[in-house]
Amino acid sequence: MTTILADLNYWVTVFLLVGGLYIVVAHGNMIKKLVGLSIFQTSVYLLFISPGKVLGGTAPIIAEGFDVYSNPLPHVLILTAIVVGVATIALGLALVVRIHKSYGTIEEDELHDLESDA
Amino acid sequence: MVITVVGIIRAHNLFAVVMLGGVYSFLMATVMVILDAVDVSMTEAAVGAGMSTVLLLAVLHLTQTREAPLRHTPAIPLIVCLLTGGALVYGTLDLPPFGEANAPQNQHVAPYYIENAEHETGSPNIVTAVLASYRGYDTLGEVTVIFTAGIGVLILLASGLRPRRRKNVDSEQDPKDNAA
């Protein structure tokens, strides 16, 4: 039982990651693909942050009366990753707008049809 | 959070997908507070739940809000995903258990930061100290990435507009420009 609880955070992470991956691979709509990509990224944030938590610790801000702090390093790395992730999504969305302007669709299947017709 | 993701997979209305994505980001921000990552939580709530949702809604306004039904059965993606998931779960069996202070990742440089950050940088918030001081180059790289992405977005959107109506280029770019 303790093993299950000790690894539960990893398993939730894995489920979110696989869910995001499934959306990216299986769905043809590009906006949905991008939402899936952001779920995928967010699950990685969880994978980084959760091992840094120390039971009984507090947030890593030095204050009187606290001796145990959680690991600050993953927090820093993930702060960077969040912002970069949004930049990625913004660039992807710009591509989607551009594709919609040129072809009038954001569905992968319909784009394939247009390609084979041409 | 798990339920939200299942909802996103099943929903065909893209508006619902985007809104569920926002809900998911807020839940993630809440989890980050519980995991003591308050800075990450604030950023995730502002950037992940706020900014991304606004960007996605703007794109929905410019394109379409329905997803076409899948034409082929998603058997191969499902198998690939299950294999990936299985491999990852197998990998987690070797990871240290949750909340352990003596786990390797909490014994590397973290104790040094916690002990020395305040008198070396003058900031009581260790995350800020590491971000701006010890790992300043990471942050510089991050700014470079955002700058590049901003340029890319501007080029992509402007190139589609220029041939027809040059005058509206500036006003059309604004919603995307906020990302930078």
# chains A, B, ... in the order shown; residues from 1 in each chain; ligands from 1
$ closest_atom_pairs --of "chain B" --to "chain A" --cutoff "7 Å" --atoms "only C-alpha atoms" --output "tab-separated table"
residue	atom	partner	partner_atom	distance
B:Val2	CA	A:Leu16	CA	6.7
B:Val5	CA	A:Gly19	CA	6.7
B:Ile9	CA	A:Ile23	CA	6.3
B:Gly21	CA	A:Val35	CA	6.7
B:Leu35	CA	A:Lys53	CA	5.7
B:Asp36	CA	A:Ala59	CA	4.5
B:Ala37	CA	A:His75	CA	6.2
B:Val38	CA	A:Ala59	CA	6.7
B:Val40	CA	A:Leu79	CA	5.6
B:Thr43	CA	A:Leu79	CA	7.0
B:Glu44	CA	A:Ile82	CA	6.9
B:Ser52	CA	A:Val86	CA	6.5
B:Val59	CA	A:Val97	CA	6.6
B:Leu62	CA	A:Val97	CA	6.9
B:Thr63	CA	A:His100	CA	6.4
B:Glu67	CA	A:Asn29	CA	6.1
B:Pro74	CA	A:Ala26	CA	5.8
B:Pro77	CA	A:Ala26	CA	5.7
B:Leu78	CA	A:Tyr22	CA	6.7
B:Cys81	CA	A:Val18	CA	5.8
B:Gly85	CA	A:Val18	CA	5.9
B:Leu88	CA	A:Val14	CA	6.6
B:Val89	CA	A:Trp11	CA	6.5
B:Thr92	CA	A:Tyr10	CA	6.4
B:Pro97	CA	A:Ala6	CA	4.8
B:Phe98	CA	A:Ala6	CA	5.0
B:Gly99	CA	A:Val54	CA	4.3
B:Glu100	CA	A:Val54	CA	5.7
B:Ala101	CA	A:Val54	CA	5.3
B:Asn106	CA	A:Asn71	CA	6.0
B:Ala110	CA	A:Asn71	CA	5.8
B:Pro124	CA	A:Ile62	CA	5.0
B:Asn125	CA	A:Ile61	CA	4.3
B:Ile126	CA	A:Pro60	CA	5.7
B:Val127	CA	A:Pro72	CA	5.5
B:Val130	CA	A:Val76	CA	6.9
B:Leu131	CA	A:Val76	CA	5.7
B:Thr139	CA	A:Thr80	CA	6.9
B:Glu142	CA	A:Thr80	CA	6.3
B:Val145	CA	A:Val84	CA	6.7
B:Ile146	CA	A:Ala87	CA	5.7
B:Ala149	CA	A:Ala87	CA	5.8
B:Gly152	CA	A:Leu91	CA	6.6
B:Val153	CA	A:Leu91	CA	5.4
B:Leu156	CA	A:Ala94	CA	6.4
B:Leu157	CA	A:Ala94	CA	6.4
B:Gly160	CA	A:Arg98	CA	6.7
B:Ala179	CA	A:Ala87	CA	6.6
$ write_last_selection --atoms "C-alpha atoms" --output "PDB file, in the first residue's frame"
ATOM      1  CA  VAL B   2      -7.461  13.215 -14.846  1.00  0.00           C
ATOM      2  CA  VAL B   5      -8.069  15.330 -19.608  1.00  0.00           C
ATOM      3  CA  ILE B   9     -10.061  13.827 -25.399  1.00  0.00           C
ATOM      4  CA  GLY B  21      -7.733  23.292 -20.961  1.00  0.00           C
ATOM      5  CA  LEU B  35       3.703  20.925  -3.651  1.00  0.00           C
ATOM      6  CA  ASP B  36       5.250  24.141  -2.206  1.00  0.00           C
ATOM      7  CA  ALA B  37       6.015  25.616  -5.631  1.00  0.00           C
ATOM      8  CA  VAL B  38       4.271  28.963  -5.147  1.00  0.00           C
ATOM      9  CA  VAL B  40       5.470  28.092 -10.395  1.00  0.00           C
ATOM     10  CA  THR B  43       3.179  31.639 -13.328  1.00  0.00           C
ATOM     11  CA  GLU B  44       1.037  28.674 -14.358  1.00  0.00           C
ATOM     12  CA  SER B  52      -2.825  30.430 -23.374  1.00  0.00           C
ATOM     13  CA  VAL B  59      -7.493  31.639 -32.787  1.00  0.00           C
ATOM     14  CA  LEU B  62     -10.250  33.484 -36.471  1.00  0.00           C
ATOM     15  CA  THR B  63     -10.895  29.875 -37.531  1.00  0.00           C
ATOM     16  CA  GLU B  67     -13.764  19.396 -34.759  1.00  0.00           C
ATOM     17  CA  PRO B  74      -7.261   5.413 -33.581  1.00  0.00           C
ATOM     18  CA  PRO B  77      -1.967   5.763 -31.715  1.00  0.00           C
ATOM     19  CA  LEU B  78      -3.695   3.972 -28.836  1.00  0.00           C
ATOM     20  CA  CYS B  81       0.411   5.517 -26.181  1.00  0.00           C
ATOM     21  CA  GLY B  85       2.658   4.642 -20.657  1.00  0.00           C
ATOM     22  CA  LEU B  88       7.025   5.075 -18.102  1.00  0.00           C
ATOM     23  CA  VAL B  89       5.216   3.293 -15.263  1.00  0.00           C
ATOM     24  CA  THR B  92       8.738   5.032 -12.040  1.00  0.00           C
ATOM     25  CA  PRO B  97       9.292   7.702  -3.175  1.00  0.00           C
ATOM     26  CA  PHE B  98       7.332  10.943  -2.794  1.00  0.00           C
ATOM     27  CA  GLY B  99       8.403  13.548  -0.230  1.00  0.00           C
ATOM     28  CA  GLU B 100      11.722  12.013   0.769  1.00  0.00           C
ATOM     29  CA  ALA B 101      14.283  14.577   2.004  1.00  0.00           C
ATOM     30  CA  ASN B 106      17.228  16.817  -2.951  1.00  0.00           C
ATOM     31  CA  ALA B 110      19.636  22.269  -3.430  1.00  0.00           C
ATOM     32  CA  PRO B 124      14.964  35.613   0.903  1.00  0.00           C
ATOM     33  CA  ASN B 125      13.077  33.927  -1.947  1.00  0.00           C
ATOM     34  CA  ILE B 126      15.442  31.168  -3.047  1.00  0.00           C
ATOM     35  CA  VAL B 127      13.641  30.595  -6.349  1.00  0.00           C
ATOM     36  CA  VAL B 130      18.541  30.966  -8.306  1.00  0.00           C
ATOM     37  CA  LEU B 131      16.580  32.246 -11.314  1.00  0.00           C
ATOM     38  CA  THR B 139      16.861  33.077 -18.038  1.00  0.00           C
ATOM     39  CA  GLU B 142      14.550  31.862 -22.142  1.00  0.00           C
ATOM     40  CA  VAL B 145      13.419  31.873 -27.104  1.00  0.00           C
ATOM     41  CA  ILE B 146      10.469  34.163 -26.415  1.00  0.00           C
ATOM     42  CA  ALA B 149       8.884  33.055 -31.039  1.00  0.00           C
ATOM     43  CA  GLY B 152       8.087  34.106 -35.819  1.00  0.00           C
ATOM     44  CA  VAL B 153       4.485  34.880 -34.918  1.00  0.00           C
ATOM     45  CA  LEU B 156       3.708  34.329 -40.023  1.00  0.00           C
ATOM     46  CA  LEU B 157       0.740  36.611 -39.458  1.00  0.00           C
ATOM     47  CA  GLY B 160      -0.582  36.516 -44.911  1.00  0.00           C
ATOM     48  CA  ALA B 179       2.820  36.561 -26.261  1.00  0.00           C
TER      49      ALA B 179
END
$ atom_distance --atom1 "atom CA of B:Ile76" --atom2 "atom CA of B:Gln64"
27.5 Å
$ select_by_dssp --residues "chain B" --states "alpha helix (DSSP H)" --output "ChimeraX atom specification"
/B:2-10,14-34,38-43,52-62,75-92,110-121,126-129,136-161,169-177
$ select_by_dssp --residues "chain A" --states "strand (DSSP E or B)" --output "PyMOL selection string"
chain A and resi 29+58+61+69+107
$ residues_around --residues "stretch 23-31 of chain B" --least-positions-apart "5" --cutoff "6 Å" --atoms "only C-alpha atoms" --output "MDAnalysis selection string"
chainID B and resid 1 41 44:45 48:49
$ decode --residues "stretch 108-122 of chain B" --atoms "all heavy atoms" --output "tab-separated table (two decimals), in the first residue's frame"
chain	number	residue	atom	x	y	z
B	108	HIS	N	21.61	17.21	-4.00
B	108	HIS	CA	22.65	17.64	-4.94
B	108	HIS	C	23.05	19.09	-4.67
B	108	HIS	O	23.81	19.36	-3.74
B	108	HIS	CB	22.15	17.42	-6.37
B	108	HIS	CG	23.17	17.66	-7.42
B	108	HIS	ND1	24.45	17.18	-7.33
B	108	HIS	CD2	23.10	18.34	-8.58
B	108	HIS	CE1	25.12	17.54	-8.40
B	108	HIS	NE2	24.33	18.26	-9.17
B	109	VAL	N	22.54	20.06	-5.43
B	109	VAL	CA	22.91	21.46	-5.18
B	109	VAL	C	21.88	22.18	-4.32
B	109	VAL	O	22.14	23.27	-3.83
B	109	VAL	CB	23.10	22.25	-6.50
B	109	VAL	CG1	24.37	21.83	-7.18
B	109	VAL	CG2	21.90	22.09	-7.39
B	110	ALA	N	20.70	21.57	-4.15
B	110	ALA	CA	19.64	22.27	-3.43
B	110	ALA	C	20.04	22.71	-2.02
B	110	ALA	O	19.76	23.86	-1.65
B	110	ALA	CB	18.39	21.41	-3.39
B	111	PRO	N	20.70	21.87	-1.20
B	111	PRO	CA	21.07	22.33	0.14
B	111	PRO	C	21.97	23.55	0.10
B	111	PRO	O	21.86	24.45	0.95
B	111	PRO	CB	21.79	21.13	0.75
B	111	PRO	CG	21.30	19.97	-0.01
B	111	PRO	CD	21.04	20.45	-1.39
B	112	TYR	N	22.87	23.61	-0.90
B	112	TYR	CA	23.75	24.76	-1.02
B	112	TYR	C	22.93	26.03	-1.25
B	112	TYR	O	23.14	27.06	-0.60
B	112	TYR	CB	24.73	24.56	-2.18
B	112	TYR	CG	25.61	25.76	-2.42
B	112	TYR	CD1	26.78	25.94	-1.69
B	112	TYR	CD2	25.25	26.73	-3.35
B	112	TYR	CE1	27.57	27.04	-1.89
B	112	TYR	CE2	26.04	27.84	-3.55
B	112	TYR	CZ	27.20	27.99	-2.83
B	112	TYR	OH	27.98	29.11	-3.01
B	113	TYR	N	21.96	25.94	-2.20
B	113	TYR	CA	21.11	27.10	-2.47
B	113	TYR	C	20.37	27.53	-1.21
B	113	TYR	O	20.30	28.72	-0.88
B	113	TYR	CB	20.10	26.78	-3.57
B	113	TYR	CG	20.68	26.66	-4.96
B	113	TYR	CD1	20.14	25.78	-5.88
B	113	TYR	CD2	21.75	27.46	-5.34
B	113	TYR	CE1	20.65	25.67	-7.15
B	113	TYR	CE2	22.27	27.36	-6.62
B	113	TYR	CZ	21.72	26.47	-7.52
B	113	TYR	OH	22.22	26.37	-8.78
B	114	ILE	N	19.80	26.54	-0.50
B	114	ILE	CA	18.97	26.89	0.65
B	114	ILE	C	19.81	27.55	1.73
B	114	ILE	O	19.39	28.51	2.37
B	114	ILE	CB	18.25	25.62	1.17
B	114	ILE	CG1	17.20	25.18	0.15
B	114	ILE	CG2	17.60	25.88	2.51
B	114	ILE	CD1	16.56	23.86	0.46
B	115	GLU	N	21.05	27.06	1.91
B	115	GLU	CA	21.87	27.62	2.99
B	115	GLU	C	22.48	28.97	2.62
B	115	GLU	O	22.60	29.86	3.45
B	115	GLU	CB	23.00	26.64	3.34
B	115	GLU	CG	22.56	25.57	4.33
B	115	GLU	CD	23.56	24.44	4.38
B	115	GLU	OE1	24.76	24.69	4.16
B	115	GLU	OE2	23.13	23.30	4.63
B	116	ASN	N	22.91	29.13	1.35
B	116	ASN	CA	23.72	30.29	1.02
B	116	ASN	C	23.00	31.36	0.22
B	116	ASN	O	23.52	32.46	0.09
B	116	ASN	CB	24.95	29.85	0.24
B	116	ASN	CG	25.80	28.90	1.04
B	116	ASN	OD1	26.09	29.17	2.20
B	116	ASN	ND2	26.15	27.78	0.46
B	117	ALA	N	21.82	31.05	-0.32
B	117	ALA	CA	21.21	32.00	-1.25
B	117	ALA	C	20.95	33.35	-0.59
B	117	ALA	O	21.17	34.40	-1.20
B	117	ALA	CB	19.91	31.43	-1.80
B	118	GLU	N	20.50	33.33	0.67
B	118	GLU	CA	20.08	34.61	1.25
B	118	GLU	C	21.26	35.56	1.43
B	118	GLU	O	21.20	36.72	1.03
B	118	GLU	CB	19.37	34.40	2.58
B	118	GLU	CG	18.72	35.70	3.03
B	118	GLU	CD	17.85	35.54	4.26
B	118	GLU	OE1	18.02	34.53	4.96
B	118	GLU	OE2	17.03	36.45	4.50
B	119	HIS	N	22.38	35.08	2.01
B	119	HIS	CA	23.46	36.04	2.25
B	119	HIS	C	24.34	36.24	1.02
B	119	HIS	O	25.10	37.21	0.95
B	119	HIS	CB	24.30	35.64	3.48
B	119	HIS	CG	25.15	34.43	3.29
B	119	HIS	ND1	26.41	34.49	2.78
B	119	HIS	CD2	24.91	33.12	3.54
B	119	HIS	CE1	26.92	33.28	2.72
B	119	HIS	NE2	26.02	32.43	3.17
B	120	GLU	N	24.23	35.37	0.00
B	120	GLU	CA	25.01	35.62	-1.22
B	120	GLU	C	24.29	36.55	-2.19
B	120	GLU	O	24.93	37.31	-2.91
B	120	GLU	CB	25.33	34.30	-1.93
B	120	GLU	CG	26.53	33.60	-1.30
B	120	GLU	CD	26.92	32.35	-2.06
B	120	GLU	OE1	26.28	32.01	-3.07
B	120	GLU	OE2	27.87	31.70	-1.62
B	121	THR	N	22.97	36.48	-2.25
B	121	THR	CA	22.26	37.32	-3.21
B	121	THR	C	21.38	38.37	-2.54
B	121	THR	O	20.93	39.30	-3.20
B	121	THR	CB	21.35	36.47	-4.11
B	121	THR	OG1	20.32	35.91	-3.28
B	121	THR	CG2	22.11	35.36	-4.78
B	122	GLY	N	21.06	38.22	-1.28
B	122	GLY	CA	20.23	39.20	-0.60
B	122	GLY	C	18.74	38.99	-0.79
B	122	GLY	O	17.94	39.81	-0.37
